[in-house]
$ cat upload02.cif   # mmCIF, C-alpha atoms and all ligand atoms
data_run
loop_
_atom_site.label_atom_id
_atom_site.label_comp_id
_atom_site.auth_asym_id
_atom_site.auth_seq_id
_atom_site.Cartn_x
_atom_site.Cartn_y
_atom_site.Cartn_z
CA ILE A 1 -55.92 51.36 -14.18
CA GLN A 2 -54.77 47.86 -13.54
CA GLU A 3 -55.31 46.33 -10.17
CA PRO A 4 -52.07 45.64 -8.38
CA LYS A 5 -51.01 42.03 -8.58
CA GLU A 6 -51.38 40.07 -5.43
CA GLU A 7 -48.14 40.28 -3.50
CA LYS A 8 -46.68 36.88 -2.74
CA PRO A 9 -45.09 36.61 0.69
CA VAL A 10 -41.33 36.79 0.37
CA ALA A 11 -39.57 33.80 1.86
CA GLU A 12 -37.02 34.64 4.50
CA LYS A 13 -33.77 35.49 2.79
CA ILE A 14 -30.25 34.67 3.86
CA THR A 15 -27.80 37.43 4.72
CA VAL A 16 -24.62 37.74 2.68
CA GLY A 17 -21.54 39.89 3.07
CA HIS A 18 -18.50 40.62 0.92
CA VAL A 19 -15.36 40.76 3.06
CA HIS A 20 -12.43 42.40 1.34
CA MET A 21 -8.95 41.23 2.22
CA SER A 22 -5.94 41.81 -0.10
CA GLY A 23 -7.66 41.45 -3.42
CA CYS A 24 -8.15 43.57 -6.51
CA THR A 25 -11.97 43.80 -6.30
CA GLY A 26 -12.19 41.69 -9.45
CA CYS A 27 -14.12 39.01 -7.56
CA LEU A 28 -16.67 41.61 -6.43
CA VAL A 29 -16.96 42.83 -10.01
CA SER A 30 -17.63 39.25 -11.08
CA PHE A 31 -20.38 38.99 -8.42
CA ALA A 32 -21.89 42.22 -9.77
CA ASP A 33 -21.53 40.90 -13.33
CA ASN A 34 -24.52 38.67 -12.66
CA TYR A 35 -26.54 41.70 -13.78
CA GLU A 36 -30.17 40.63 -13.67
CA GLY A 37 -29.10 37.47 -11.90
CA LEU A 38 -27.74 39.64 -9.09
CA LEU A 39 -31.09 41.40 -8.82
CA THR A 40 -32.75 37.99 -8.63
CA ILE A 41 -30.36 36.95 -5.88
CA LEU A 42 -31.03 40.13 -3.91
CA ASP A 43 -34.76 39.98 -4.58
CA LYS A 44 -35.37 36.33 -3.75
CA TYR A 45 -32.50 34.80 -1.89
CA ALA A 46 -30.18 37.17 -0.09
CA ASP A 47 -29.78 40.53 1.61
CA LEU A 48 -26.37 42.12 1.26
CA VAL A 49 -25.54 43.16 4.82
CA TYR A 50 -21.86 44.02 4.52
CA CYS A 51 -19.66 45.34 1.73
CA LEU A 52 -16.70 47.59 2.44
CA THR A 53 -16.87 48.94 -1.11
CA LEU A 54 -20.36 50.30 -0.46
CA ALA A 55 -19.94 51.50 3.12
CA ASP A 56 -16.73 52.05 5.09
CA VAL A 57 -17.75 49.97 8.10
CA ARG A 58 -15.01 47.82 9.57
CA HIS A 59 -17.03 45.82 12.07
CA ILE A 60 -18.02 42.47 10.57
CA PRO A 61 -21.70 41.83 11.38
CA GLU A 62 -23.33 38.45 11.89
CA MET A 63 -24.32 36.96 8.56
CA ASP A 64 -25.23 33.65 6.97
CA VAL A 65 -22.65 33.71 4.19
CA ALA A 66 -19.36 35.60 4.02
CA LEU A 67 -17.84 35.85 0.56
CA VAL A 68 -14.19 36.56 1.34
CA GLU A 69 -12.13 38.07 -1.46
CA GLY A 70 -8.35 38.28 -1.30
CA SER A 71 -5.55 36.76 0.71
CA VAL A 72 -4.60 37.92 4.20
CA CYS A 73 -1.55 40.13 4.65
CA ILE A 74 -0.13 38.99 7.94
CA GLN A 75 1.53 42.39 8.49
CA ASP A 76 -1.94 43.94 8.53
CA HIS A 77 -3.14 43.15 12.05
CA LEU A 78 -6.56 44.63 11.35
CA ALA A 79 -6.99 42.23 8.42
CA VAL A 80 -6.04 39.26 10.61
CA GLU A 81 -8.58 40.39 13.24
CA GLU A 82 -11.23 40.84 10.55
CA ILE A 83 -10.81 37.38 9.06
CA ILE A 84 -11.07 35.81 12.54
CA GLU A 85 -14.14 37.96 13.26
CA THR A 86 -15.60 36.85 9.93
CA ARG A 87 -15.28 33.20 10.95
CA LYS A 88 -16.97 33.92 14.28
CA ASN A 89 -19.87 35.82 12.73
CA ALA A 90 -20.61 33.87 9.54
CA LYS A 91 -22.33 30.49 9.34
CA ILE A 92 -20.74 29.73 5.96
CA VAL A 93 -17.36 31.17 4.93
CA VAL A 94 -16.62 31.13 1.21
CA ALA A 95 -13.09 31.61 -0.12
CA LEU A 96 -13.98 33.67 -3.17
CA GLY A 97 -11.35 33.50 -5.89
CA ALA A 98 -7.81 32.29 -6.23
CA CYS A 99 -6.32 34.87 -3.83
CA ALA A 100 -8.55 33.74 -0.97
CA CYS A 101 -8.14 30.04 -1.93
CA TYR A 102 -4.42 29.87 -2.65
CA GLY A 103 -2.78 33.25 -1.96
CA ASN A 104 -2.50 33.87 -5.67
CA ILE A 105 -0.93 37.05 -7.01
CA THR A 106 -1.62 39.67 -4.39
CA ARG A 107 1.44 41.76 -3.49
CA PHE A 108 -0.07 44.67 -1.61
CA CYS A 109 -1.84 44.96 1.69
CA ARG A 110 -5.19 46.66 1.45
CA GLY A 111 -4.84 50.18 0.14
CA GLY A 112 -1.26 49.45 -0.97
CA GLN A 113 0.00 51.17 2.16
CA GLN A 114 2.28 48.32 3.18
CA ASN A 115 4.08 46.91 0.19
CA GLN A 116 5.46 43.54 1.22
CA PRO A 117 7.02 41.87 -1.81
CA GLN A 118 7.69 38.54 -0.06
CA HIS A 119 5.04 36.07 -1.11
CA GLU A 120 5.11 34.56 2.40
CA SER A 121 3.48 37.72 3.74
CA TYR A 122 0.17 36.73 2.16
CA LEU A 123 -1.76 33.72 3.30
CA PRO A 124 -4.82 32.08 1.83
CA ILE A 125 -7.66 32.47 4.28
CA GLY A 126 -7.74 28.71 4.90
CA ASP A 127 -4.38 29.03 6.65
CA LEU A 128 -5.99 31.19 9.33
CA ILE A 129 -9.60 30.04 9.64
CA ASP A 130 -11.83 27.11 8.70
CA VAL A 131 -13.34 27.56 5.25
CA ASP A 132 -16.58 25.90 4.17
CA VAL A 133 -16.56 26.51 0.41
CA TYR A 134 -13.76 27.22 -2.04
CA ILE A 135 -14.49 28.92 -5.37
CA PRO A 136 -11.21 29.06 -7.30
CA GLY A 137 -10.71 31.13 -10.40
CA CYS A 138 -9.37 34.57 -11.09
CA ALA A 139 -11.96 35.77 -10.96
CA PRO A 140 -14.61 33.06 -10.44
CA THR A 141 -17.38 33.32 -12.98
CA PRO A 142 -20.54 35.22 -12.05
CA GLN A 143 -22.50 31.98 -12.43
CA GLN A 144 -20.28 30.17 -9.93
CA ILE A 145 -20.83 32.88 -7.34
CA ARG A 146 -24.55 32.95 -8.02
CA ASN A 147 -24.78 29.17 -7.71
CA VAL A 148 -23.04 29.25 -4.34
CA CYS A 149 -25.47 31.90 -3.07
CA VAL A 150 -28.47 29.84 -4.19
CA MET A 151 -26.93 26.67 -2.74
CA ALA A 152 -26.41 28.43 0.60
CA TYR A 153 -30.01 29.62 0.52
CA LEU A 154 -31.24 26.06 -0.04
CA LEU A 155 -29.02 24.71 2.70
CA LEU A 156 -30.09 27.30 5.26
CA LYS A 157 -33.70 28.02 4.33
CA GLY A 158 -34.88 25.17 2.10
CA ASN A 159 -37.14 22.27 2.97
CA ASP A 160 -35.68 18.83 3.68
CA GLU A 161 -35.71 17.83 0.01
CA GLN A 162 -33.94 21.03 -1.04
CA LYS A 163 -31.38 20.65 1.74
CA ALA A 164 -30.67 17.13 0.55
CA LEU A 165 -30.25 18.37 -3.02
CA ALA A 166 -27.87 21.07 -1.80
CA GLY A 167 -25.75 18.47 -0.02
CA ALA A 168 -26.70 19.04 3.61
FE1 LIG A 201 -8.44 39.82 -8.10
FE2 LIG A 201 -8.21 37.39 -9.19
FE3 LIG A 201 -7.51 37.76 -6.66
FE4 LIG A 201 -10.11 37.85 -7.33
S1 LIG A 201 -8.76 36.06 -7.45
S2 LIG A 201 -9.03 39.30 -5.97
S3 LIG A 201 -9.98 38.76 -9.39
S4 LIG A 201 -6.53 38.71 -8.44
#

$ encode --input "upload02.cif" --output "structure tokens"
Amino acid sequence: IQEPKEEKPVAEKITVGHVHMSGCTGCLVSFADNYEGLLTILDKYADLVYCLTLADVRHIPEMDVALVEGSVCIQDHLAVEEIIETRKNAKIVVALGACACYGNITRFCRGGQQNQPQHESYLPIGDLIDVDVYIPGCAPTPQQIRNVCVMAYLLLKGNDEQKALAGA
């Protein structure tokens, strides 16, 4: 029987949430496509505290980093409230993917229940709230998303040298 390895104290992790606006979930799939990298992120750097795909909870909790996928359908008042609540409750807001950054191709409000074909009905999140980081791409690569999570960890939890490296 091997003796258990000495447990190293786990450094305090940042909290991350995935906020789903009018997007196709492709950005979330790209985040999950980090495979082992995702496990490393969740093991060492971040706790996932909010994800509508995993739990149908509408209230946006306080978190360090909000990864916002999708554009905002302005006919969906709940979505508008949620993006404003996200800004209030997140230290760093990331526009994840081309829909969140530019509006992109989305044509349906969440769930497809309000089909609004006019492109003007969908706004990039930066038109409604201040955004700290933009990750364009449809979808962004898993590595890009992973790098942003690690960068946020260094900014929020790192020592002075790490914060400087991360651009604080
Ligand atoms: Fe889907 Fe692309 Fe929009 Fe992400 S950026 S939600 S992958 S259409």

$ closest_atom_pairs --input "upload02.cif" --of "chain A" --to "ligand LIG 201 (chain A)" --cutoff "10 Å" --atoms "only C-alpha atoms and all ligand atoms" --output "Markdown table"
| residue | atom | partner | partner_atom | distance |
| --- | --- | --- | --- | --- |
| A:His20 | CA | A:LIG201 | S2 | 8.6 |
| A:Met21 | CA | A:LIG201 | S2 | 8.4 |
| A:Ser22 | CA | A:LIG201 | S2 | 7.1 |
| A:Gly23 | CA | A:LIG201 | S2 | 3.6 |
| A:Cys24 | CA | A:LIG201 | FE1 | 4.1 |
| A:Thr25 | CA | A:LIG201 | S2 | 5.4 |
| A:Gly26 | CA | A:LIG201 | S3 | 3.7 |
| A:Cys27 | CA | A:LIG201 | FE4 | 4.2 |
| A:Leu28 | CA | A:LIG201 | FE4 | 7.6 |
| A:Val29 | CA | A:LIG201 | S3 | 8.1 |
| A:Ser30 | CA | A:LIG201 | S3 | 7.8 |
| A:Val68 | CA | A:LIG201 | S2 | 9.4 |
| A:Glu69 | CA | A:LIG201 | S2 | 5.6 |
| A:Gly70 | CA | A:LIG201 | S2 | 4.8 |
| A:Ser71 | CA | A:LIG201 | FE3 | 7.7 |
| A:Ala95 | CA | A:LIG201 | S1 | 9.6 |
| A:Leu96 | CA | A:LIG201 | FE4 | 7.1 |
| A:Gly97 | CA | A:LIG201 | S1 | 4.0 |
| A:Ala98 | CA | A:LIG201 | S1 | 4.1 |
| A:Cys99 | CA | A:LIG201 | FE3 | 4.2 |
| A:Ala100 | CA | A:LIG201 | S1 | 6.9 |
| A:Cys101 | CA | A:LIG201 | S1 | 8.2 |
| A:Tyr102 | CA | A:LIG201 | S1 | 9.0 |
| A:Gly103 | CA | A:LIG201 | FE3 | 8.1 |
| A:Asn104 | CA | A:LIG201 | FE3 | 6.4 |
| A:Ile105 | CA | A:LIG201 | S4 | 6.0 |
| A:Thr106 | CA | A:LIG201 | S4 | 6.4 |
| A:Arg107 | CA | A:LIG201 | S4 | 9.9 |
| A:Ile135 | CA | A:LIG201 | S1 | 9.4 |
| A:Pro136 | CA | A:LIG201 | S1 | 7.4 |
| A:Gly137 | CA | A:LIG201 | S1 | 6.1 |
| A:Cys138 | CA | A:LIG201 | FE2 | 3.6 |
| A:Ala139 | CA | A:LIG201 | S3 | 3.9 |
| A:Pro140 | CA | A:LIG201 | S1 | 7.2 |
| A:Thr141 | CA | A:LIG201 | S3 | 9.9 |

$ closest_residue --input "upload02.cif" --among "A:Ala46, A:Leu123, A:Ile60, A:Leu52" --to "A:Val72" --atoms "only C-alpha atoms"
A:Leu123

$ closest_atom_pairs --input "upload02.cif" --of "stretch 21-89 of chain A" --to "stretch 153-159 of chain A" --cutoff "10 Å" --atoms "only C-alpha atoms" --output "JSON lines"
{"residue": "A:Ile41", "atom": "CA", "partner": "A:Tyr153", "partner_atom": "CA", "distance": 9.7}
{"residue": "A:Lys44", "atom": "CA", "partner": "A:Tyr153", "partner_atom": "CA", "distance": 9.6}
{"residue": "A:Tyr45", "atom": "CA", "partner": "A:Tyr153", "partner_atom": "CA", "distance": 6.2}
{"residue": "A:Ala46", "atom": "CA", "partner": "A:Tyr153", "partner_atom": "CA", "distance": 7.6}
{"residue": "A:Asp64", "atom": "CA", "partner": "A:Leu156", "partner_atom": "CA", "distance": 8.2}
{"residue": "A:Val65", "atom": "CA", "partner": "A:Tyr153", "partner_atom": "CA", "distance": 9.2}

$ residues_around --input "upload02.cif" --residues "stretch 142-147 of chain A" --least-positions-apart "4" --cutoff "8 Å" --atoms "all atoms listed in the file" --output "PyMOL selection string"
chain A and resi 30-34+37-38+41+135+151

$ write_last_selection --input "upload02.cif" --atoms "C-alpha atoms" --output "compact mmCIF listing (two decimals), in the frame of the given file"
# COMPACT_ATOMS: atom_id res chain seq x y z
CA SER A 30 -17.63 39.25 -11.08
CA PHE A 31 -20.38 38.99 -8.42
CA ALA A 32 -21.89 42.22 -9.77
CA ASP A 33 -21.53 40.90 -13.33
CA ASN A 34 -24.52 38.67 -12.66
CA GLY A 37 -29.10 37.47 -11.90
CA LEU A 38 -27.74 39.64 -9.09
CA ILE A 41 -30.36 36.95 -5.88
CA ILE A 135 -14.49 28.92 -5.37
CA MET A 151 -26.93 26.67 -2.74

$ residues_around --input "upload02.cif" --residues "A:Val94" --least-positions-apart "2" --cutoff "7 Å" --atoms "only C-alpha atoms" --output "list in words"
Ala66, Leu67, Val68, Ile92, Leu96, Val131, Asp132, Val133 and Tyr134 of chain A

$ closest_residue --input "upload02.cif" --among "A:Lys88, A:Gly17, A:Cys149, A:Tyr122" --to "A:Thr40" --atoms "all atoms listed in the file"
A:Cys149

$ atom_distance --input "upload02.cif" --atom1 "atom CA of A:Met63" --atom2 "atom CA of A:Leu42"
14.5 Å

$ atom_distance --input "upload02.cif" --atom1 "atom CA of A:Ala90" --atom2 "atom CA of A:Asp130"
11.1 Å

$ atom_distance --input "upload02.cif" --atom1 "atom CA of A:Val49" --atom2 "atom CA of A:Thr15"
6.2 Å

$ closest_residue --input "upload02.cif" --among "A:Asp76, A:Ile84, A:His18, A:Leu39" --to "A:Gly126" --atoms "all atoms listed in the file"
A:Ile84

$ closest_residue --input "upload02.cif" --among "A:Lys91, A:Val19, A:Thr53, A:Pro61" --to "A:Ile125" --atoms "only C-alpha atoms"
A:Val19

$ axis_aligned_box --input "upload02.cif" --around "stretch 43-52 of chain A" --padding-each-side "8 Å" --output "AutoDock Vina command-line options"
--center_x -26.0 --center_y 41.2 --center_z 0.1 --size_x 34.7 --size_y 28.8 --size_z 25.4

$ closest_residue --input "upload02.cif" --among "A:Asp160, A:Asn89, A:Ile74, A:Glu82" --to "A:Ser121" --atoms "only C-alpha atoms"
A:Ile74
